[in-house]
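Encoded as structure tokens, the structure appears first; notes follow it.
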There are 2 protein chains.
Amino acid sequence: METRSENRCFGGVQGVYTHASNATGTDMTFGLFLPEEAKDGPVPVLWYLSGLTCTHENAMTKAGAQGWAAEQGIALVFPDTSPRGEGVADDEAFDLGQGAGFYVNATQDPWARHFRMWDYVAEELPALIGQTFAVDMDRQAITGHSMGGHGALTLAMGLPGRFRSVSAFSPICHPTRSDWGRKQFTAYLGPDEAAWASHDATLLMRDGGFDGPVLIDTGTDDQFGDLLKTEALAEAMAARRQDHALRMQRGYDHSYFFVSTFMEDHVSFHAEALYA
Amino acid sequence: METRSENRCFGGVQGVYTHASNATGTDMTFGLFLPEEAKDGPVPVLWYLSGLTCTHENAMTKAGAQGWAAEQGIALVFPDTSPRGEGVADDEAFDLGQGAGFYVNATQDPWARHFRMWDYVAEELPALIGQTFAVDMDRQAITGHSMGGHGALTLAMGLPGRFRSVSAFSPICHPTRSDWGRKQFTAYLGPDEAAWASHDATLLMRDGGFDGPVLIDTGTDDQFGDLLKTEALAEAMAARRQDHALRMQRGYDHSYFFVSTFMEDHVSFHAEALYA
């Protein structure tokens, strides 16, 4: 593992690291914020999964999460959103291929060889971080934005017992019924929709829900609102009486200006679960 | 108007008053909390509509609202839930007749003569309070519990411009599709369902929504959860991108122990709108 950078930040350290990934067969880069408390022993951790076109860097520099995480003594992990580099398949569209891994293990050519983001985020990266840093892997929570909100919700429900709480900013809620989902799942997973179900937050909510609290914020003026299908997840959460809060925030759009505005609430929400 | 009682309460006064109502053709009793600030001039007001079997008194004594309202300088109105007394129609069931007015103007016998709770709460009582007490009727907000949550939501959407914010505790959300609604609307309004639509929060949300923020809290362990149809309103609010927060609170039921737990949040929510 190579240290790309380490910067002092809110009394802790914001690091960027690159490692050879078995899951993706590529080098992968991630950001990790460790609060000051990590000097004294393992701290709880909040995963942040990013959206389309993002790298490990976007949320790390624009979401304003480190200040709130430092206040709560929580680590933050910022994974990349796909494998990258020469020899890695790609597409001209911004919403397929590099920067658009959708947190699935692709089974279809040309994606199957490297696009194994589920395994990377669910297995390989947690193992690496748990072995390398002062992070308590028994106290994990997860959040994300847009495609990363989809990832956070599907990982939280797909890995029962792993995460104590899940939140999302403007998540893709029902990808099997959205152009943000059907196109990518067809490409990565093939035309058999049965293979898609475990990557759809609304279907997972109907099927089993999440054994912990859920917080979702989406802007009323989200320019991609029609693609998110928030209403499907809203209905599914209320119907199964999921412990949750869904908030539609007046006037906010899909940007990091929205994410940063409500980051304090999300970090506090997770801190409550992580320190319960 | 007769003063039934006035008690010093959180620096202000909790009063109970009875007056002859033109709307219902009966004497009606209501509670009014005025904070200390009302001595110096009109204060904003939060309406609290109660649920099945309640009188003006239940929320007044069990919801714990006065302390938070005093802190914010807000008046509280607690109307009764139906006309009452000898000569007023009733039913053996707890969810029809006296104590179960559903905030509609009945058009069917034997209810039509006295059961005009919409007119009472929407027109007559606000006029009386505005004339009599130091309350600023240009700054109104509304909340309620269960049947009263239904009332709060339908009044808020049915009277555009009247209320700056609306909230509800475990509201009946879709009465035209629930046994808490179909029975009563048939009795009060007759079998033509077209007459029911303006008293269904989900249908009103689909039709036009609310021009202000909405806050809804419901317990995950609400013993009447199936009757509330929260999922229908959840979907409708998300689909129209209504400025809102819907929270399902883990382990809470339908009681005033639930209502009182989240009363501070609701009063703060309304204060933000009333002082904006």
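Note on naming: chains are A, B, ... as they come in the structure tokens, residues start from 1 per chain, ligands start from 1 in the order shown.
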Using 12 Å as the limit and counting only C-alpha atoms, can you tabulate each residue of chain A that touches chain B, with its shortest atom-to-atom distance in Å and the two atoms involved, as a Markdown table?
| residue | atom | partner | partner_atom | distance |
| --- | --- | --- | --- | --- |
| A:Ser170 | CA | B:Ala238 | CA | 11.7 |
| A:Cys173 | CA | B:Ala238 | CA | 11.5 |
| A:Arg206 | CA | B:Glu231 | CA | 12.0 |
| A:Asp211 | CA | B:Arg250 | CA | 10.7 |
| A:Gly212 | CA | B:Arg250 | CA | 9.1 |
| A:Pro213 | CA | B:Arg250 | CA | 8.2 |
| A:Val214 | CA | B:Met248 | CA | 9.6 |
| A:Leu215 | CA | B:Arg247 | CA | 8.9 |
| A:Ile216 | CA | B:Ala245 | CA | 9.5 |
| A:Asp217 | CA | B:Ala245 | CA | 8.9 |
| A:Thr218 | CA | B:Arg241 | CA | 8.9 |
| A:Gly219 | CA | B:Arg241 | CA | 8.0 |
| A:Thr220 | CA | B:Arg241 | CA | 5.0 |
| A:Asp221 | CA | B:Arg241 | CA | 7.9 |
| A:Asp222 | CA | B:Arg241 | CA | 9.1 |
| A:Gln223 | CA | B:Arg241 | CA | 11.6 |
| A:Phe224 | CA | B:Arg241 | CA | 11.9 |
| A:Gly225 | CA | B:Arg241 | CA | 8.4 |
| A:Asp226 | CA | B:Ala239 | CA | 8.7 |
| A:Leu227 | CA | B:Ala239 | CA | 11.4 |
| A:Leu228 | CA | B:Ala239 | CA | 10.3 |
| A:Lys229 | CA | B:Ala239 | CA | 7.8 |
| A:Thr230 | CA | B:Ala238 | CA | 6.0 |
| A:Glu231 | CA | B:Glu235 | CA | 4.5 |
| A:Ala232 | CA | B:Glu235 | CA | 6.5 |
| A:Leu233 | CA | B:Glu235 | CA | 7.9 |
| A:Ala234 | CA | B:Ala234 | CA | 5.5 |
| A:Glu235 | CA | B:Glu231 | CA | 4.5 |
| A:Ala236 | CA | B:Glu231 | CA | 7.0 |
| A:Met237 | CA | B:Glu231 | CA | 7.5 |
| A:Ala238 | CA | B:Glu231 | CA | 4.6 |
| A:Ala239 | CA | B:Glu231 | CA | 5.0 |
| A:Arg240 | CA | B:Glu231 | CA | 8.6 |
| A:Arg241 | CA | B:Thr220 | CA | 5.0 |
| A:Gln242 | CA | B:Met248 | CA | 6.7 |
| A:Asp243 | CA | B:Met248 | CA | 5.1 |
| A:His244 | CA | B:Met248 | CA | 5.2 |
| A:Ala245 | CA | B:Arg247 | CA | 4.1 |
| A:Leu246 | CA | B:Leu246 | CA | 5.4 |
| A:Arg247 | CA | B:Ala245 | CA | 4.1 |
| A:Met248 | CA | B:Asp243 | CA | 5.1 |
| A:Gln249 | CA | B:Asp243 | CA | 5.7 |
| A:Arg250 | CA | B:Asp243 | CA | 5.1 |
| A:Gly251 | CA | B:Asp243 | CA | 8.5 |
| A:Tyr252 | CA | B:Asp243 | CA | 10.2 |
| A:Asp253 | CA | B:Arg241 | CA | 11.6 |
List the neighbours of Ser260 (chain B) out to 7 Å using only C-alpha atoms; skip same-chain residues closer than 3 positions along the sequence, and give me the result as an mmCIF file with all heavy atoms, in the first residue's frame.
data_model
loop_
_atom_site.group_PDB
_atom_site.id
_atom_site.type_symbol
_atom_site.label_atom_id
_atom_site.label_comp_id
_atom_site.auth_asym_id
_atom_site.auth_seq_id
_atom_site.Cartn_x
_atom_site.Cartn_y
_atom_site.Cartn_z
ATOM 1 N N ALA B 63 -50.106 16.154 26.569
ATOM 2 C CA ALA B 63 -49.146 16.259 25.460
ATOM 3 C C ALA B 63 -47.879 17.009 25.835
ATOM 4 O O ALA B 63 -46.881 16.956 25.113
ATOM 5 C CB ALA B 63 -49.809 16.922 24.250
ATOM 6 N N GLY B 64 -47.913 17.725 26.945
ATOM 7 C CA GLY B 64 -46.711 18.466 27.348
ATOM 8 C C GLY B 64 -46.342 19.585 26.410
ATOM 9 O O GLY B 64 -45.167 19.945 26.281
ATOM 10 N N TYR B 256 -50.242 8.953 23.953
ATOM 11 C CA TYR B 256 -49.699 10.266 24.289
ATOM 12 C C TYR B 256 -48.286 10.188 24.854
ATOM 13 O O TYR B 256 -47.587 11.202 24.904
ATOM 14 C CB TYR B 256 -50.645 11.016 25.227
ATOM 15 C CG TYR B 256 -51.603 11.884 24.440
ATOM 16 C CD1 TYR B 256 -52.796 11.381 23.942
ATOM 17 C CD2 TYR B 256 -51.260 13.194 24.128
ATOM 18 C CE1 TYR B 256 -53.644 12.167 23.182
ATOM 19 C CE2 TYR B 256 -52.100 13.988 23.372
ATOM 20 C CZ TYR B 256 -53.286 13.477 22.902
ATOM 21 O OH TYR B 256 -54.107 14.269 22.131
ATOM 22 N N PHE B 257 -47.846 9.013 25.269
ATOM 23 C CA PHE B 257 -46.437 8.881 25.641
ATOM 24 C C PHE B 257 -45.559 9.105 24.417
ATOM 25 O O PHE B 257 -44.464 9.656 24.499
ATOM 26 C CB PHE B 257 -46.175 7.520 26.286
ATOM 27 C CG PHE B 257 -46.931 7.336 27.567
ATOM 28 C CD1 PHE B 257 -47.965 6.423 27.655
ATOM 29 C CD2 PHE B 257 -46.633 8.115 28.678
ATOM 30 C CE1 PHE B 257 -48.680 6.276 28.834
ATOM 31 C CE2 PHE B 257 -47.340 7.971 29.861
ATOM 32 C CZ PHE B 257 -48.371 7.045 29.940
ATOM 33 N N MET B 263 -43.130 16.168 21.066
ATOM 34 C CA MET B 263 -43.797 17.474 21.040
ATOM 35 C C MET B 263 -42.795 18.614 20.899
ATOM 36 O O MET B 263 -43.033 19.571 20.161
ATOM 37 C CB MET B 263 -44.641 17.642 22.303
ATOM 38 C CG MET B 263 -45.440 18.925 22.335
ATOM 39 S SD MET B 263 -46.535 19.152 20.904
ATOM 40 C CE MET B 263 -47.859 18.005 21.332
#
request  = Kindly indicate which residue among B:Arg8, B:His56, B:His114, B:His145 lies nearest to Thr24 (chain B), using only C-alpha atoms for the distances.
outcome  =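 Counting only C-alpha atoms, the residue closest to Thr24 (chain B) is B:His114.
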request  = Can you check which residues of region 33-127 of chain B DSSP gives as strand (DSSP E or B) on the backbone and send them as a list in words?
outcome  =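 The strand (DSSP E or B) residues within region 33-127 of chain B come out as Phe33, Leu34, Val43, Pro44, Val45, Leu46, Trp47, Tyr48, Leu49, Ala75, Leu76, Val77, Phe78, Gly97, Ala100, Asn105 and Arg116 of chain B.
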inquiry  = List the spatial neighbours of Ala152 (chain B) as a PyMOL selection string - criterion: any atom at most 12 Å away, only C-alpha atoms, same-chain residues fewer than 4 positions off excluded.
reply    = chain B and resi 46-51+79+102-104+118+121-122+140-148+156-159+162-163+165-173+199-201+210+214-216
request  = Just the helix (DSSP H, G or I) stuff from region 57-259 of chain A, please, per backbone DSSP, written as a ChimeraX atom specification.
outcome  = /A:57-62,65-72,117-132,147-158,175-177,182-189,193-195,197-199,201-207,225-228,230-239,256-259
Please provide as a compact mmCIF listing (two decimals) with C-alpha atoms, in the first residue's frame all residues within 10 Å of Thr55 (chain B), with the sequence filter that same-chain residues fewer than 5 positions apart are discarded (counting only C-alpha atoms).
# COMPACT_ATOMS: atom_id res chain seq x y z
CA THR B 29 -65.64 23.91 24.82
CA PHE B 30 -62.02 24.58 23.89
CA GLY B 31 -58.68 25.00 25.60
CA LEU B 49 -56.56 18.76 16.76
CA SER B 50 -57.22 15.68 18.87
CA MET B 60 -54.09 19.96 27.10
CA PHE B 78 -57.23 22.71 21.75
CA PRO B 79 -60.69 22.34 20.16
CA ASP B 80 -63.08 19.53 20.97
CA THR B 81 -63.44 16.68 18.46
CA SER B 82 -67.22 16.81 17.95
CA PRO B 83 -70.44 18.37 19.16
CA ARG B 84 -71.75 16.79 22.35
CA GLN B 98 -69.55 12.08 19.64
CA GLY B 99 -65.78 12.23 20.03
CA ALA B 100 -65.32 11.24 16.39
